[in-house]
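> Here you go, coords_29.txt (compact mmCIF, C-alpha atoms and all ligand atoms):
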# COMPACT_ATOMS: atom_id res chain seq x y z
CA MET A 72 159.79 29.10 64.81
CA ASP A 73 157.79 31.67 62.79
CA LYS A 74 154.96 30.14 60.74
CA GLU A 75 155.45 32.15 57.56
CA PRO A 76 159.05 32.54 56.35
CA THR A 77 160.43 36.06 56.59
CA ARG A 78 160.95 37.33 53.05
CA ILE A 79 164.29 39.03 52.63
CA LEU A 80 165.00 41.04 49.52
CA LEU A 81 168.76 40.77 49.08
CA ILE A 82 170.38 43.26 46.73
CA GLU A 83 173.90 42.00 46.25
CA ASP A 84 176.04 41.95 43.12
CA ASP A 85 178.50 39.35 44.43
CA GLU A 86 177.29 35.77 44.06
CA GLU A 87 179.66 34.44 46.70
CA ASP A 88 178.25 36.83 49.26
CA PHE A 89 174.76 35.78 48.27
CA ILE A 90 175.61 32.12 48.87
CA LEU A 91 177.27 32.97 52.17
CA LEU A 92 174.21 34.84 53.36
CA GLN A 93 171.89 32.11 52.18
CA ARG A 94 173.83 29.56 54.23
CA LEU A 95 173.89 31.78 57.28
CA LEU A 96 170.18 32.35 57.19
CA ALA A 97 169.43 28.69 56.56
CA ARG A 98 171.34 27.76 59.71
CA ILE A 99 169.20 29.96 61.95
CA SER A 100 166.90 27.53 63.70
CA ALA A 101 164.75 30.15 65.44
CA ALA A 102 163.25 31.41 62.17
CA SER A 103 162.82 30.56 58.53
CA TYR A 104 163.86 32.92 55.76
CA ARG A 105 163.12 33.11 52.08
CA ILE A 106 165.58 35.10 49.99
CA ILE A 107 164.61 37.08 46.93
CA TRP A 108 167.87 37.90 45.22
CA GLU A 109 168.50 40.91 42.97
CA LYS A 110 171.95 41.66 41.61
CA SER A 111 171.83 45.28 40.55
CA TYR A 112 170.82 48.75 41.71
CA LYS A 113 168.16 48.97 39.00
CA SER A 114 166.50 45.57 39.43
CA GLY A 115 166.82 45.93 43.20
CA LEU A 116 165.00 49.25 43.18
CA ALA A 117 162.22 47.81 40.99
CA ARG A 118 161.77 44.93 43.46
CA MET A 119 161.80 47.26 46.44
CA ILE A 120 158.93 49.27 44.98
CA GLU A 121 156.86 46.07 44.59
CA THR A 122 157.18 45.60 48.40
CA GLU A 123 156.59 41.84 48.16
CA HIS A 124 158.97 41.20 51.05
CA ASP A 125 159.43 42.03 54.73
CA LEU A 126 162.89 43.56 54.81
CA CYS A 127 165.60 44.65 52.41
CA LEU A 128 169.21 43.67 52.94
CA MET A 129 171.56 45.42 50.55
CA ASP A 130 175.23 45.61 49.87
CA TYR A 131 177.04 48.93 50.04
CA ARG A 132 178.80 48.17 46.75
CA LEU A 133 176.47 47.87 43.78
CA GLY A 134 178.59 48.27 40.68
CA ALA A 135 179.00 51.92 39.75
CA GLN A 136 176.45 52.99 42.34
CA ASN A 137 176.31 52.35 46.04
CA GLY A 138 173.78 51.17 48.56
CA ILE A 139 173.43 54.59 50.22
CA GLU A 140 172.20 56.08 46.95
CA LEU A 141 169.75 53.20 46.61
CA VAL A 142 168.48 53.67 50.17
CA ARG A 143 167.98 57.39 49.52
CA GLU A 144 166.20 56.80 46.22
CA ALA A 145 163.92 54.10 47.62
CA ARG A 146 162.93 56.31 50.58
CA ARG A 147 162.34 59.20 48.19
CA ARG A 148 159.92 56.95 46.32
CA GLY A 149 158.03 56.17 49.52
CA TYR A 150 159.57 52.81 50.45
CA VAL A 151 158.57 52.14 54.06
CA LEU A 152 159.99 48.68 54.84
CA PRO A 153 163.14 48.23 56.94
CA ILE A 154 166.50 48.42 55.19
CA ILE A 155 169.74 46.93 56.50
CA LEU A 156 172.98 47.86 54.78
CA LEU A 157 175.87 45.41 54.51
CA THR A 158 179.18 47.24 54.65
CA GLY A 159 182.70 46.17 53.86
CA VAL A 160 185.70 46.66 56.11
CA SER A 161 187.01 49.74 54.38
CA GLU A 162 183.77 51.66 54.11
CA GLY A 163 184.61 54.10 56.93
CA GLU A 164 181.72 56.44 57.83
CA THR A 165 179.11 54.53 55.84
CA ASP A 166 177.13 53.72 58.98
CA ILE A 167 176.31 57.39 59.63
CA GLN A 168 175.58 58.05 55.97
CA ALA A 169 173.35 54.97 55.86
CA PHE A 170 171.23 56.24 58.76
CA GLN A 171 171.06 59.70 57.24
CA ALA A 172 169.84 58.23 53.95
CA GLY A 173 167.10 56.26 55.72
CA ALA A 174 168.56 52.84 56.52
CA ASP A 175 167.43 51.21 59.73
CA ASP A 176 170.61 49.38 60.56
CA TYR A 177 173.90 48.25 59.13
CA ILE A 178 176.14 45.25 59.62
CA ALA A 179 179.78 44.86 58.67
CA LYS A 180 180.33 41.82 56.47
CA ASP A 181 183.30 40.65 58.52
CA GLN A 182 181.03 40.42 61.57
CA LEU A 183 178.34 38.43 59.83
CA GLN A 184 177.15 35.55 61.92
CA GLY A 185 173.78 33.89 62.20
CA VAL A 186 172.58 34.93 65.66
CA LEU A 187 173.54 38.56 65.14
CA LEU A 188 171.92 38.70 61.72
CA HIS A 189 168.75 37.09 63.03
CA ARG A 190 168.56 39.60 65.89
CA ILE A 191 169.18 42.61 63.62
CA ILE A 192 166.55 41.44 61.12
CA ARG A 193 163.93 40.79 63.79
CA TYR A 194 164.51 44.11 65.59
CA ALA A 195 164.50 46.08 62.35
CA ILE A 196 161.15 44.56 61.33
CA GLU A 197 159.59 45.07 64.77
CA ARG A 198 160.97 48.60 65.14
CA LYS A 199 159.65 49.59 61.75
CA LYS A 200 156.28 48.05 62.50
CA SER A 201 155.85 50.00 65.73
CA GLU A 202 157.23 53.14 64.08
CA ARG A 203 154.56 52.85 61.39
CA GLU A 204 151.84 52.18 63.94
CA ARG A 205 152.93 55.28 65.88
CA GLU A 206 152.92 57.36 62.71
CA LYS A 207 149.47 56.03 61.79
CA LEU A 208 148.14 56.87 65.24
CA LEU A 209 149.66 60.31 65.10
CA SER A 210 148.24 61.04 61.68
CA GLU A 211 144.82 59.80 62.83
CA GLN A 212 145.07 62.10 65.85
CA LEU A 213 146.06 65.02 63.65
CA ALA A 214 143.20 64.27 61.25
CA ALA A 215 140.74 64.14 64.17
CA GLN A 216 142.08 67.44 65.53
CA GLU A 217 141.80 69.02 62.10
CA LEU A 218 138.24 67.76 61.74
CA GLU A 219 137.35 69.10 65.18
CA LYS A 220 138.90 72.45 64.30
CA ARG A 221 136.97 72.64 61.06
CA ARG A 222 133.77 71.59 62.83
CA ASN A 223 134.21 74.37 65.39
CA GLU A 224 134.94 76.89 62.64
CA PHE A 225 131.87 75.74 60.73
CA ILE A 226 129.66 76.09 63.80
CA SER A 227 131.04 79.59 64.43
CA ILE A 228 130.14 80.59 60.88
CA VAL A 229 126.65 79.06 61.08
CA VAL A 230 126.00 80.74 64.41
CA HIS A 231 127.17 84.06 63.07
CA GLU A 232 124.94 83.71 60.00
CA LEU A 233 121.98 82.90 62.25
CA LYS A 234 122.60 85.76 64.61
CA THR A 235 122.84 88.48 61.98
CA PRO A 236 119.19 88.27 60.82
CA LEU A 237 118.07 87.79 64.43
CA THR A 238 119.74 91.02 65.49
CA SER A 239 117.97 92.92 62.75
CA LEU A 240 114.65 91.17 63.60
CA LYS A 241 115.05 92.29 67.19
CA GLY A 242 115.80 95.86 66.10
CA PHE A 243 112.66 95.98 63.95
CA ALA A 244 110.52 94.45 66.73
CA GLN A 245 111.67 97.12 69.15
CA LEU A 246 111.05 99.87 66.60
CA LEU A 247 107.56 98.54 65.96
CA GLN A 248 106.89 98.34 69.70
CA ARG A 249 107.75 102.02 70.09
CA ARG A 250 105.56 103.04 67.12
CA ILE A 251 102.63 100.93 68.31
CA ALA A 252 102.94 102.33 71.84
CA LYS A 253 102.47 105.83 70.36
CA VAL A 254 99.27 104.76 68.57
CA GLY A 255 98.06 102.89 71.67
CA ASP A 256 97.18 99.62 69.89
CA GLU A 257 97.63 97.23 72.81
CA GLN A 258 96.70 94.02 70.97
CA THR A 259 99.23 94.54 68.18
CA GLY A 260 101.74 95.70 70.81
CA ASN A 261 101.38 92.37 72.63
CA MET A 262 101.96 90.45 69.42
CA VAL A 263 105.16 92.35 68.73
CA LYS A 264 106.25 91.73 72.34
CA ARG A 265 105.84 88.00 71.67
CA ILE A 266 107.96 88.29 68.53
CA ASP A 267 110.61 90.02 70.63
CA SER A 268 110.55 87.35 73.32
CA GLN A 269 110.75 84.52 70.74
CA VAL A 270 113.74 86.25 69.14
CA ASN A 271 115.33 86.43 72.62
CA LYS A 272 114.75 82.70 73.17
CA LEU A 273 116.33 81.84 69.84
CA THR A 274 119.28 84.13 70.55
CA GLU A 275 119.81 82.42 73.93
CA LEU A 276 119.77 78.96 72.33
CA ILE A 277 122.29 80.07 69.72
CA ASP A 278 124.51 81.69 72.37
CA ASP A 279 124.47 78.46 74.40
CA PHE A 280 125.43 76.51 71.34
CA LEU A 281 128.26 78.92 70.64
CA ASP A 282 129.50 78.63 74.23
CA VAL A 283 129.57 74.84 74.06
CA ASN A 284 131.52 75.11 70.84
CA ARG A 285 133.99 77.41 72.57
CA ILE A 286 134.30 75.06 75.55
CA SER A 287 135.01 72.05 73.33
CA GLY A 288 137.54 74.09 71.33
CA GLY A 289 139.17 75.35 74.56
CA LYS A 290 138.30 78.91 73.58
CA LEU A 291 135.95 80.02 76.34
CA GLN A 292 137.83 82.99 77.69
CA LEU A 293 137.21 84.59 81.04
CA ARG A 294 137.88 88.24 81.87
CA ALA A 295 138.56 88.61 85.53
CA ASP A 296 138.15 91.71 87.65
CA TYR A 297 136.89 92.60 91.11
CA PHE A 298 133.12 93.09 91.33
CA ASP A 299 130.39 93.45 93.93
CA PHE A 300 128.74 90.03 94.12
CA ASP A 301 125.51 91.06 95.87
CA ALA A 302 125.01 93.99 93.49
CA LEU A 303 125.28 91.64 90.50
CA VAL A 304 122.72 89.23 91.99
CA GLU A 305 120.27 92.06 92.78
CA GLU A 306 120.70 93.52 89.30
CA ILE A 307 119.85 90.19 87.68
CA VAL A 308 116.84 89.59 89.90
CA VAL A 309 115.47 93.03 88.93
CA GLU A 310 116.10 92.20 85.26
CA LEU A 311 114.41 88.80 85.43
CA GLN A 312 111.37 89.61 87.58
CA PRO A 313 109.44 91.06 84.59
CA ILE A 314 109.76 87.83 82.56
CA THR A 315 107.56 85.96 85.04
CA GLU A 316 104.13 87.17 86.11
CA GLN A 317 103.52 84.15 88.24
CA HIS A 318 106.60 84.07 90.44
CA THR A 319 107.89 86.56 92.93
CA ILE A 320 111.65 86.38 93.17
CA HIS A 321 112.66 87.03 96.79
CA CYS A 322 116.22 88.19 96.99
CA THR A 323 118.23 88.20 100.24
CA VAL A 324 121.85 89.21 99.77
CA THR A 325 124.17 88.99 102.76
CA SER A 326 127.61 88.19 101.35
CA GLN A 327 128.71 91.84 101.20
CA LYS A 328 131.74 90.79 99.25
CA VAL A 329 133.64 92.16 96.34
CA ILE A 330 134.96 89.09 94.55
CA TRP A 331 137.49 88.33 91.80
CA GLY A 332 136.05 86.75 88.66
CA ASP A 333 134.34 87.29 85.33
CA ARG A 334 131.28 89.39 86.17
CA THR A 335 129.43 88.79 82.89
CA ARG A 336 130.00 85.03 82.94
CA VAL A 337 129.04 84.72 86.63
CA GLY A 338 125.94 86.77 85.76
CA GLN A 339 125.20 84.29 82.98
CA VAL A 340 125.23 81.44 85.53
CA ILE A 341 122.93 83.31 87.95
CA THR A 342 120.54 84.10 85.08
CA ASN A 343 120.55 80.47 84.00
CA LEU A 344 119.73 79.19 87.50
CA ILE A 345 116.91 81.68 88.02
CA THR A 346 115.38 81.15 84.54
CA ASN A 347 115.53 77.39 85.13
CA ALA A 348 113.64 77.88 88.39
CA ILE A 349 111.04 79.88 86.44
CA LYS A 350 110.87 77.32 83.62
CA TYR A 351 110.83 74.12 85.65
CA ALA A 352 108.61 75.21 88.56
CA PRO A 353 105.74 76.75 86.58
CA GLU A 354 103.01 75.81 89.05
CA THR A 355 104.59 77.71 91.94
CA ASP A 356 104.70 81.35 92.96
CA ARG A 357 108.00 81.84 94.82
CA ILE A 358 111.67 81.67 94.01
CA LEU A 359 114.23 82.43 96.71
CA VAL A 360 117.61 83.84 95.80
CA GLU A 361 120.25 84.20 98.50
CA THR A 362 123.89 85.08 98.81
CA ASP A 363 126.08 84.17 101.72
CA VAL A 364 129.70 83.68 102.75
CA ASP A 365 131.34 80.38 103.62
CA GLY A 366 134.93 80.85 104.75
CA GLU A 367 136.91 82.19 101.79
CA ALA A 368 134.04 81.79 99.30
CA VAL A 369 130.75 83.41 98.45
CA ILE A 370 127.71 81.22 97.94
CA LEU A 371 124.65 81.71 95.76
CA ARG A 372 121.46 79.71 96.27
CA VAL A 373 118.46 79.67 93.97
CA GLN A 374 115.57 77.75 95.51
CA ASP A 375 112.35 76.79 93.77
CA PHE A 376 109.36 74.79 94.93
CA GLY A 377 108.80 72.79 91.75
CA PRO A 378 109.07 69.05 91.06
CA GLY A 379 112.71 68.79 92.23
CA ILE A 380 115.33 66.40 90.88
CA LEU A 381 115.86 62.73 91.76
CA PRO A 382 119.17 62.07 93.58
CA GLU A 383 120.47 59.85 90.77
CA LEU A 384 120.01 62.70 88.25
CA GLN A 385 121.59 65.43 90.33
CA ASN A 386 125.02 65.02 88.73
CA VAL A 387 123.85 63.98 85.27
CA ILE A 388 121.97 67.24 84.66
CA PHE A 389 125.33 69.04 84.44
CA ALA A 390 126.35 66.93 81.42
CA PRO A 391 126.03 68.52 77.97
CA PHE A 392 122.69 68.06 76.17
CA TYR A 393 121.11 66.27 79.14
CA ARG A 394 117.45 67.05 79.77
CA ILE A 395 115.24 65.18 82.22
CA ASP A 396 112.66 63.39 80.14
CA GLN A 397 109.35 63.90 81.88
CA PRO A 398 106.03 65.00 80.37
CA GLU A 399 105.89 68.39 82.13
CA ASN A 400 109.33 69.33 80.68
CA ARG A 401 108.48 68.63 77.06
CA ALA A 402 106.86 72.00 76.45
CA VAL A 403 109.88 73.81 77.94
CA THR A 404 112.42 74.91 75.36
CA GLY A 405 116.11 74.15 75.93
CA LEU A 406 119.05 72.22 74.59
CA GLY A 407 120.24 70.89 77.94
CA LEU A 408 123.30 73.11 77.80
CA GLY A 409 122.72 75.81 80.43
CA LEU A 410 123.91 73.81 83.44
CA TYR A 411 126.87 72.37 81.54
CA ILE A 412 128.02 75.86 80.55
CA SER A 413 127.35 77.11 84.09
CA ALA A 414 129.46 74.31 85.58
CA GLU A 415 132.30 75.09 83.17
CA ILE A 416 132.20 78.80 84.05
CA ILE A 417 132.17 78.15 87.81
CA GLN A 418 134.81 75.42 87.74
CA ARG A 419 137.14 77.47 85.55
CA GLN A 420 137.05 80.06 88.36
CA HIS A 421 137.84 77.36 90.92
CA GLY A 422 134.33 77.33 92.29
CA ARG A 423 131.83 74.53 92.82
CA ILE A 424 128.28 74.10 91.57
CA TRP A 425 125.72 71.63 92.84
CA VAL A 426 122.04 70.99 93.46
CA GLU A 427 120.21 69.99 96.63
CA SER A 428 116.83 68.47 96.07
CA GLU A 429 114.32 65.84 97.01
CA LYS A 430 111.82 64.71 94.43
CA GLY A 431 108.65 66.72 94.82
CA GLN A 432 110.24 69.14 97.30
CA GLY A 433 111.70 71.68 94.87
CA ALA A 434 115.35 72.22 94.03
CA THR A 435 118.07 74.49 95.37
CA PHE A 436 120.84 75.16 92.88
CA CYS A 437 123.99 76.53 94.51
CA PHE A 438 127.46 77.63 93.57
CA SER A 439 130.44 78.84 95.53
CA LEU A 440 133.21 81.07 94.21
CA PRO A 441 136.53 82.07 95.77
CA ILE A 442 136.53 85.64 96.98
CA THR A 443 140.05 86.87 96.26
CA GLN A 444 142.32 86.75 93.27
CA SER A 445 144.86 84.52 95.01
CA GLN A 446 142.17 81.94 95.77
CA ALA A 447 140.88 82.12 92.21
CA SER A 448 142.68 80.31 89.43
CA THR A 449 145.98 81.36 87.94
CA GLU A 450 144.41 80.37 84.63
CA LEU A 451 141.86 83.14 85.16
CA GLU A 452 144.57 85.68 85.87
CA GLY A 453 146.24 84.59 82.64
CA ASP A 454 143.00 85.03 80.76
CA ALA A 455 142.57 88.48 82.24
CA ARG A 456 145.99 89.57 81.03
CA GLN A 457 145.41 88.00 77.64
CA ASP A 458 142.08 89.76 77.35
CA GLN A 459 143.77 93.13 77.49
CA VAL A 460 145.22 92.38 74.09
CA VAL A 461 142.66 89.99 72.64
CA SER A 462 139.68 91.69 71.04
CA GLU A 463 136.02 91.18 71.87
CA GLU A 464 135.94 87.55 70.79
CA VAL A 465 133.97 86.19 73.71
CA ARG A 466 130.64 87.94 73.86
P1 LIG A 501 117.82 73.33 79.52
O1 LIG A 501 117.06 74.08 80.55
O2 LIG A 501 118.21 74.15 78.36
O3 LIG A 501 117.19 72.03 79.16
P2 LIG A 501 119.89 73.00 81.55
O4 LIG A 501 121.25 72.46 81.37
O5 LIG A 501 119.75 74.36 82.13
O6 LIG A 501 119.22 72.90 80.12
O7 LIG A 501 119.11 71.98 82.47
C1 LIG A 501 119.24 70.58 82.24
C2 LIG A 501 118.01 69.84 82.74
O8 LIG A 501 117.97 69.88 84.18
C3 LIG A 501 116.70 70.48 82.32
O9 LIG A 501 116.31 70.02 81.04
C4 LIG A 501 115.76 70.03 83.40
O10 LIG A 501 115.27 68.74 83.09
C5 LIG A 501 116.64 69.93 84.65
N1 LIG A 501 116.51 71.12 85.51
C6 LIG A 501 117.26 72.23 85.50
N2 LIG A 501 116.86 73.11 86.45
C7 LIG A 501 115.81 72.52 87.08
C8 LIG A 501 114.96 72.92 88.16
N3 LIG A 501 115.12 74.10 88.78
N4 LIG A 501 114.00 72.05 88.55
C9 LIG A 501 113.85 70.85 87.93
N5 LIG A 501 114.61 70.42 86.92
C10 LIG A 501 115.58 71.25 86.49
As structure tokens - that is how I would like this structure written.


Amino acid sequence: MDKEPTRILLIEDDEEDFILLQRLLARISAASYRIIWEKSYKSGLARMIETEHDLCLMDYRLGAQNGIELVREARRRGYVLPIILLTGVSEGETDIQAFQAGADDYIAKDQLQGVLLHRIIRYAIERKKSEREREKLLSEQLAAQELEKRRNEFISIVVHELKTPLTSLKGFAQLLQRRIAKVGDEQTGNMVKRIDSQVNKLTELIDDFLDVNRISGGKLQLRADYFDFDALVEEIVVELQPITEQHTIHCTVTSQKVIWGDRTRVGQVITNLITNAIKYAPETDRILVETDVDGEAVILRVQDFGPGILPELQNVIFAPFYRIDQPENRAVTGLGLGLYISAEIIQRQHGRIWVESEKGQGATFCFSLPITQSQASTELEGDARQDQVVSEEVR
């Protein structure tokens, strides 16, 4: 037996039917019911709006108006509780009309009996409850998605606003560098070079942030094509060698493969791994970069001789915003996003990225990528086709 009686709002203009229903409900031993009786369309509607009950049971015939109209009106006014319509024998298609108006169930008066009524009432209440819970969940999900969408849009705007002045700062720094070079003022030239490199650092941080935003919004697009893997690696090594005076980057390329993938994004990963080696192994003088083939994949290895990474951190460092907290890292700028973005780029192209390291023995960051289009992802092929029509959103 339920603890609290189920409150039934009964809208019924016929007193005899009210008494009949009262008796029926009183005889149900599995539950207890309390009836709130209203005799007319108008008073019934007013009671419905108060929602001081658990379910509404109403007669089809309500004087000049009918129950279907009342159901429709109550739903229009936002009534969310279950409604069961009582129909007479001659009411024909009322069942369909009742559902269309927003009733949850109907029962013909000539079939009224306790067990059936009890079952219909219970199911209607439970169904409505779970329906409302589902709706609530759905609207919460939609609200969360909307918030996420707005957050991503906001970040895009902020990033754009930050990048505009940086681009002009960089332009002026380069202009100044050229003018100073003509005059031969080395000291001022070095200062401007430092401005330029700080602007570059800031731009990289902002770009990483933008990429993470794209990843979380599912908008990181890849443009696939065939490209010479070794040539890309050599090009990046040549580009990065000047940023470190201390290290010599030794490059040994032996893959000799043209592979299918996003050249710029793969280049971004290679750059990230080599700049990490420069950043996190500052007391050393060598970095080894190698390419190789393993079956149907090319491999890249970037080896440094710095502090290395503890085994238990070797997976964690690929998580977003993760940075190893150790004193020698504190002076190194970064948001802990480079490896996360790299992993996303490699995995989206059906490759694998990992690190091999022993604490104190340096670290070797590696990735493998499928060589041919058929081994690469179909998702990537889709992106490539899409990119022919989508404008320069990515870079
Ligand atoms: P960031 O360099 O911006 O902090 P990354 O995602 O590139 O972010 O790297 C995450 C963390 O992994 C770094 O903060 C650093 O602690 C560690 N790490 C990355 N590369 C190396 C490396 N070559 N040697 C030692 N630690 C590294």

> Using all atoms listed in the file - which residues lie no farther than 8 Å from the point (136.1, 94.4, 83.3) in the file's frame? Write them as a ChimeraX atom specification.

/A:294-296,333-334

> For chain A versus ligand LIG 501 (chain A), which residues have an atom no more than 8 Å away, and what is each residue's nearest atom pair and distance in Å rounded to one decimal, using only C-alpha atoms and all ligand atoms, chain-then-number order, as CSV?


residue,atom,partner,partner_atom,distance
A:Leu276,CA,A:LIG501,O2,7.9
A:Asn343,CA,A:LIG501,O5,6.4
A:Leu344,CA,A:LIG501,N2,6.8
A:Ile345,CA,A:LIG501,N3,7.8
A:Asn347,CA,A:LIG501,N2,4.7
A:Ala348,CA,A:LIG501,N3,4.1
A:Ile349,CA,A:LIG501,N3,7.5
A:Lys350,CA,A:LIG501,N3,7.4
A:Tyr351,CA,A:LIG501,N4,4.8
A:Ala352,CA,A:LIG501,N4,6.2
A:Gln374,CA,A:LIG501,N3,7.7
A:Asp375,CA,A:LIG501,N3,6.3
A:Gly377,CA,A:LIG501,N4,6.2
A:Pro378,CA,A:LIG501,C9,6.0
A:Gly379,CA,A:LIG501,C9,4.9
A:Ile380,CA,A:LIG501,C9,5.5
A:Ile388,CA,A:LIG501,O8,4.8
A:Phe389,CA,A:LIG501,O4,6.1
A:Ala390,CA,A:LIG501,O4,7.5
A:Pro391,CA,A:LIG501,O4,7.1
A:Phe392,CA,A:LIG501,O4,7.0
A:Tyr393,CA,A:LIG501,C1,5.6
A:Arg394,CA,A:LIG501,O9,3.4
A:Ile395,CA,A:LIG501,O10,3.7
A:Asp396,CA,A:LIG501,O10,6.6
A:Gln397,CA,A:LIG501,O10,7.7
A:Asn400,CA,A:LIG501,O10,6.4
A:Val403,CA,A:LIG501,O3,7.6
A:Thr404,CA,A:LIG501,O2,6.6
A:Gly405,CA,A:LIG501,O2,3.2
A:Leu406,CA,A:LIG501,O2,4.3
A:Gly407,CA,A:LIG501,O6,3.1
A:Leu408,CA,A:LIG501,O4,4.2
A:Gly409,CA,A:LIG501,O5,3.7
A:Leu410,CA,A:LIG501,O4,3.6
A:Tyr411,CA,A:LIG501,O4,5.6
A:Ile412,CA,A:LIG501,O4,7.6
A:Gly433,CA,A:LIG501,N4,6.7
A:Ala434,CA,A:LIG501,N3,5.6
A:Thr435,CA,A:LIG501,N3,7.2
A:Phe436,CA,A:LIG501,N3,7.1

> Using all atoms listed in the file - which residues lie no farther than 9 Å from the point (158.1, 51.5, 43.2) in the file's frame? Write them as a list in words.

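Checked against the point, the hits come out as Leu116, Ala117, Arg118, Met119, Ile120, Glu121, Thr122, Ala145, Arg148, Gly149 and Tyr150 of chain A.
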
> Could you state the separation of CA of Leu133 in chain A and CA of Lys110 in chain A in Å, given to one decimal place?

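About the pair CA of Leu133 in chain A and CA of Lys110 in chain A: they are 8.0 Å apart.
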
> Give me the residues near Ile330 in chain A as a ChimeraX atom specification, where near means some atom within 10 Å (using only C-alpha atoms) and where sequence neighbours in that chain fewer than 2 positions away do not count.

/A:295-301,327-328,332-334,368-369,440-444,447

> Those residues with C-alpha atoms, as an mmCIF file, in the coordinates of the input please?


data_model
loop_
_atom_site.group_PDB
_atom_site.id
_atom_site.type_symbol
_atom_site.label_atom_id
_atom_site.label_comp_id
_atom_site.auth_asym_id
_atom_site.auth_seq_id
_atom_site.Cartn_x
_atom_site.Cartn_y
_atom_site.Cartn_z
ATOM 1 C CA ALA A 295 138.560 88.610 85.530
ATOM 2 C CA ASP A 296 138.150 91.710 87.650
ATOM 3 C CA TYR A 297 136.890 92.600 91.110
ATOM 4 C CA PHE A 298 133.120 93.090 91.330
ATOM 5 C CA ASP A 299 130.390 93.450 93.930
ATOM 6 C CA PHE A 300 128.740 90.030 94.120
ATOM 7 C CA ASP A 301 125.510 91.060 95.870
ATOM 8 C CA GLN A 327 128.710 91.840 101.200
ATOM 9 C CA LYS A 328 131.740 90.790 99.250
ATOM 10 C CA GLY A 332 136.050 86.750 88.660
ATOM 11 C CA ASP A 333 134.340 87.290 85.330
ATOM 12 C CA ARG A 334 131.280 89.390 86.170
ATOM 13 C CA ALA A 368 134.040 81.790 99.300
ATOM 14 C CA VAL A 369 130.750 83.410 98.450
ATOM 15 C CA LEU A 440 133.210 81.070 94.210
ATOM 16 C CA PRO A 441 136.530 82.070 95.770
ATOM 17 C CA ILE A 442 136.530 85.640 96.980
ATOM 18 C CA THR A 443 140.050 86.870 96.260
ATOM 19 C CA GLN A 444 142.320 86.750 93.270
ATOM 20 C CA ALA A 447 140.880 82.120 92.210
#

> Enter the distance from CA of Leu246 in chain A to CA of Gln258 in chain A, in Å, rounded to one decimal.

16.1 Å

> Using CA of Gln312 in chain A and CA of Thr235 in chain A as the two end points, give the distance in Å to one decimal.

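Atom-to-atom, CA of Gln312 in chain A and CA of Thr235 in chain A are spaced 28.1 Å apart.
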
> Which residue out of A:Glu144, A:Gln292, A:Gly173, A:Gly185 has the minimum interatomic distance to Ser100 in chain A when all atoms listed in the file are used?

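Of the candidates, the smallest distance to Ser100 in chain A is held by A:Gly185.
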
> So for range 86-91 of chain A, what box centre and size do we get, axis-aligned, 4 Å extra on each of the six sides, every listed atom, Å to one decimal, as JSON?


{"center_x": 177.2, "center_y": 34.5, "center_z": 48.1, "size_x": 12.9, "size_y": 12.7, "size_z": 16.1}
